[in-house]
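Notes to accompany the following structure.
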Amino acid sequence: MSQSSPSGEKDRSSLHHPRFAAFYEWMTQLGSSRRFTDPLRQELVGQATGVVLEIGAGNGLNFPFYDPARCERVEATEPDPAMLRYARQRLNQARVPVQLTAASIEALPFADHTFDSVVVTLVFCSVADPVQGFHEIKRVLKPGGILLMLEHVRAQGAVSAGIQNALVPVTTRLAGNCHWNRDTAQLLTQTGFHITQQRQLAGGLQPVISLQAIAPA
Ligand SMILES: C[S@@+](CC[C@H](N)C(=O)[O-])C[C@H]1O[C@@H](n2cnc3c(N)ncnc32)[C@H](O)[C@@H]1O
């Protein structure tokens, strides 16, 4: 059952990682971090069209990059109240209307076939049930709607993947449930999505991919 806060946000949250949220807010403001991620966010988020759902909006770093020429409005969801506080402070950086709601990907509070585009950046490593998450995206996307994703994923080499496996107990504990070794693109295709574009942006122990996919008809 959802609850409404005084600001009207629905609370479906069971996640609360205040220390990770504070660390993430600090880290993502570093020049080195922004120089890498801002152009990627701009490119990916700038492709979102129509009525858009952003999942796991975190501290709201994507908000400035929605293009008012393409995007009508954004429903942004985030389950962690600590992240929501930072996201709320960035709402005024958006050039399109953004509505922020507390919700997890596993139970999105939206009707079937609501959205033209879904944006997810650096979220799927942390999601408790990623398969259910992709089913929810399928449900809320309109037929022909697009999914735009930026994720760090499982390393390809056996040694790097082995190191990732060994460190997962640490990253899940200290980095907001981050499963560093998750093969998100494989889970995406397993749930029926068709990847139309995929690009590898970094490699080694922390491969980063950007992709575009469409849900099955
Ligand atoms: C590393 S942060 C990324 C935040 C933001 N998307 C960005 O690109 O900076 C991961 C985010 O995923 C969110 N998250 C974790 N589990 C989730 C779930 N089950 N449903 C939705 N979001 C989730 C976390 O609360 C956190 O805000």
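We name chains A, B, ... following the order of the structure tokens; residues begin at 1 in each chain, and ligands are numbered from 1 as shown.
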
Check your understanding: Would you name the residues within 9 Å of ligand 1, counting only C-alpha atoms and all ligand atoms, and put them as a PyMOL selection string?
Key -> chain A and resi 13-17+20-21+24-25+28+37+41+54-62+77-84+102-108+119-130+133+150-151+175-178

Exercise for review: DSSP on the backbone, then: every residue of chain A marked helix (DSSP H, G or I), written as a count of residues only.
Suggested key: 78

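Pairwise distance (CA of Gly204 (chain A), CA of Gln132 (chain A)) equals 28.5 Å.
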
Leu201 (chain A) environment, 12 Å, only C-alpha atoms, sequence neighbours closer than 2 positions dropped, as a CSV table (one decimal) with all heavy atoms, in the first residue's frame:
chain,number,residue,atom,x,y,z
A,36,PHE,N,33.6,12.5,-17.1
A,36,PHE,CA,33.3,11.2,-17.7
A,36,PHE,C,31.8,11.0,-17.9
A,36,PHE,O,31.3,10.7,-19.0
A,36,PHE,CB,33.8,10.1,-16.9
A,36,PHE,CG,33.5,8.7,-17.4
A,36,PHE,CD1,34.1,8.3,-18.7
A,36,PHE,CD2,32.7,7.8,-16.8
A,36,PHE,CE1,33.8,7.1,-19.2
A,36,PHE,CE2,32.4,6.6,-17.3
A,36,PHE,CZ,32.9,6.2,-18.5
A,37,THR,N,31.0,11.3,-16.9
A,37,THR,CA,29.6,11.0,-17.0
A,37,THR,C,28.7,12.0,-17.6
A,37,THR,O,27.7,11.7,-18.3
A,37,THR,CB,29.0,10.6,-15.6
A,37,THR,OG1,29.1,11.7,-14.7
A,37,THR,CG2,29.6,9.4,-15.0
A,39,PRO,N,28.9,14.0,-20.3
A,39,PRO,CA,28.7,13.8,-21.8
A,39,PRO,C,27.8,12.6,-22.1
A,39,PRO,O,27.0,12.6,-23.0
A,39,PRO,CB,30.1,13.7,-22.4
A,39,PRO,CG,31.0,14.3,-21.4
A,39,PRO,CD,30.3,14.0,-20.0
A,40,LEU,N,28.0,11.5,-21.3
A,40,LEU,CA,27.3,10.3,-21.5
A,40,LEU,C,25.8,10.5,-21.1
A,40,LEU,O,24.9,10.0,-21.8
A,40,LEU,CB,27.9,9.1,-20.7
A,40,LEU,CG,29.3,8.8,-21.0
A,40,LEU,CD1,29.8,7.6,-20.0
A,40,LEU,CD2,29.5,8.3,-22.4
A,150,LEU,N,22.3,3.2,-19.3
A,150,LEU,CA,23.7,3.4,-19.1
A,150,LEU,C,24.0,2.6,-17.8
A,150,LEU,O,23.5,2.8,-16.8
A,150,LEU,CB,24.1,4.9,-18.9
A,150,LEU,CG,25.5,5.2,-18.5
A,150,LEU,CD1,26.4,5.0,-19.8
A,150,LEU,CD2,25.6,6.7,-18.1
A,151,GLU,N,24.9,1.6,-17.9
A,151,GLU,CA,25.1,0.7,-16.8
A,151,GLU,C,26.6,0.2,-16.7
A,151,GLU,O,27.2,0.1,-17.8
A,151,GLU,CB,24.2,-0.6,-16.9
A,151,GLU,CG,22.8,-0.3,-16.7
A,151,GLU,CD,22.3,0.1,-15.3
A,151,GLU,OE1,23.1,-0.2,-14.3
A,151,GLU,OE2,21.3,0.7,-15.2
A,152,HIS,N,27.1,0.0,-15.5
A,152,HIS,CA,28.4,-0.7,-15.4
A,152,HIS,C,28.0,-2.2,-15.2
A,152,HIS,O,27.0,-2.5,-14.5
A,152,HIS,CB,29.3,-0.2,-14.4
A,152,HIS,CG,28.9,-0.4,-13.0
A,152,HIS,ND1,29.2,-1.5,-12.2
A,152,HIS,CD2,28.1,0.4,-12.1
A,152,HIS,CE1,28.7,-1.4,-11.0
A,152,HIS,NE2,28.0,-0.3,-10.9
A,153,VAL,N,28.7,-3.1,-15.9
A,153,VAL,CA,28.3,-4.5,-16.0
A,153,VAL,C,29.4,-5.5,-15.7
A,153,VAL,O,30.6,-5.1,-15.4
A,153,VAL,CB,27.8,-4.7,-17.4
A,153,VAL,CG1,26.5,-4.0,-17.7
A,153,VAL,CG2,28.8,-4.4,-18.5
A,198,GLN,N,24.2,-0.7,-29.0
A,198,GLN,CA,24.9,-1.0,-27.7
A,198,GLN,C,26.4,-0.5,-28.0
A,198,GLN,O,26.9,-0.7,-29.0
A,198,GLN,CB,24.9,-2.5,-27.4
A,198,GLN,CG,25.7,-2.7,-26.1
A,198,GLN,CD,25.5,-4.1,-25.5
A,198,GLN,OE1,24.5,-4.8,-25.8
A,198,GLN,NE2,26.4,-4.6,-24.7
A,199,ARG,N,26.9,0.2,-27.0
A,199,ARG,CA,28.2,0.7,-27.1
A,199,ARG,C,29.0,0.5,-25.8
A,199,ARG,O,28.4,0.6,-24.7
A,199,ARG,CB,28.2,2.2,-27.3
A,199,ARG,CG,29.3,2.8,-28.1
A,199,ARG,CD,28.8,4.0,-28.9
A,199,ARG,NE,28.1,5.0,-28.2
A,199,ARG,CZ,28.6,6.1,-27.6
A,199,ARG,NH1,29.9,6.3,-27.7
A,199,ARG,NH2,27.8,6.9,-27.0
A,203,GLY,N,36.2,-0.3,-20.0
A,203,GLY,CA,36.5,-1.8,-19.9
A,203,GLY,C,37.1,-2.2,-18.6
A,203,GLY,O,36.8,-1.5,-17.5
A,204,GLY,N,38.0,-3.2,-18.6
A,204,GLY,CA,38.7,-3.6,-17.4
A,204,GLY,C,37.8,-4.1,-16.3
A,204,GLY,O,36.8,-4.9,-16.6
A,206,GLN,N,35.7,-2.4,-14.6
A,206,GLN,CA,34.4,-1.7,-14.5
A,206,GLN,C,33.9,-1.4,-15.9
A,206,GLN,O,33.9,-0.2,-16.3
A,206,GLN,CB,34.5,-0.5,-13.6
A,206,GLN,CG,33.2,0.3,-13.5
A,206,GLN,CD,32.8,0.6,-12.1
A,206,GLN,OE1,32.8,-0.3,-11.3
A,206,GLN,NE2,32.6,1.8,-11.8
A,207,PRO,N,33.5,-2.4,-16.7
A,207,PRO,CA,33.0,-2.0,-18.0
A,207,PRO,C,31.7,-1.3,-17.9
A,207,PRO,O,30.8,-1.6,-17.1
A,207,PRO,CB,32.7,-3.4,-18.7
A,207,PRO,CG,33.3,-4.4,-17.8
A,207,PRO,CD,33.5,-3.8,-16.4
A,208,VAL,N,31.6,-0.2,-18.8
A,208,VAL,CA,30.3,0.6,-18.8
A,208,VAL,C,29.7,0.5,-20.2
A,208,VAL,O,30.5,0.6,-21.2
A,208,VAL,CB,30.7,2.0,-18.5
A,208,VAL,CG1,29.4,2.9,-18.6
A,208,VAL,CG2,31.3,2.2,-17.1
A,209,ILE,N,28.4,0.2,-20.3
A,209,ILE,CA,27.8,0.1,-21.6
A,209,ILE,C,26.6,1.1,-21.6
A,209,ILE,O,26.0,1.5,-20.6
A,209,ILE,CB,27.2,-1.3,-21.9
A,209,ILE,CG1,26.2,-1.8,-20.8
A,209,ILE,CG2,28.3,-2.3,-22.1
A,209,ILE,CD1,25.5,-3.0,-21.2
A,210,SER,N,26.4,1.6,-22.8
A,210,SER,CA,25.2,2.4,-23.1
A,210,SER,C,24.4,1.7,-24.1
A,210,SER,O,25.0,1.1,-25.1
A,210,SER,CB,25.7,3.8,-23.6
A,210,SER,OG,24.9,4.3,-24.5
A,211,LEU,N,23.1,1.6,-23.9
A,211,LEU,CA,22.3,0.9,-24.9
A,211,LEU,C,20.9,1.4,-25.1
A,211,LEU,O,20.4,2.1,-24.2
A,211,LEU,CB,22.3,-0.6,-24.6
A,211,LEU,CG,21.6,-1.2,-23.3
A,211,LEU,CD1,20.1,-1.2,-23.5
A,211,LEU,CD2,22.2,-2.6,-23.0

For the strand (DSSP E) assignment from backbone DSSP, which residues of region 162-213 of chain A qualify? Please present them as a compact mmCIF listing (two decimals) with C-alpha atoms, in the first residue's frame.
# COMPACT_ATOMS: atom_id res chain seq x y z
CA HIS A 194 15.59 -6.35 -28.40
CA ILE A 195 18.79 -4.33 -28.18
CA THR A 196 18.94 -1.93 -31.13
CA GLN A 197 22.17 -0.11 -30.18
CA GLN A 198 24.93 -0.98 -27.74
CA ARG A 199 28.24 0.73 -27.07
CA GLN A 200 31.06 -0.19 -24.71
CA LEU A 201 32.34 2.95 -23.00
CA ALA A 202 34.90 1.58 -20.57
CA VAL A 208 30.34 0.56 -18.80
CA ILE A 209 27.77 0.13 -21.56
CA SER A 210 25.22 2.43 -23.10
CA LEU A 211 22.33 0.85 -24.93
CA GLN A 212 18.96 1.39 -26.53
CA ALA A 213 16.34 -1.38 -26.57

Exercise for review: Go through A:Leu167, A:Pro109, A:Arg70, A:Phe63 and flag the residue nearest Ala87 (chain A), using only C-alpha atoms for the distances.
Suggested key: A:Phe63

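Going from CA of Phe115 (chain A) to CA of Leu141 (chain A) covers 4.8 Å.
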
Practice item. Mind checking which residues fall within 12 Å of Ser117 (chain A), counting only C-alpha atoms, ignoring those fewer than 6 positions away in the same chain, and posting them as JSON, numbers by chain? Key: {"A": [44, 45, 46, 47, 48, 49, 50, 51, 52, 53, 54, 55, 66, 70, 71, 72, 73, 74, 75, 76, 137, 138, 140, 141, 142, 143, 144, 145, 146, 147, 148, 149, 212, 213, 214, 215]}

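Going from CA of Phe23 (chain A) to CA of Ala94 (chain A) covers 23.0 Å.
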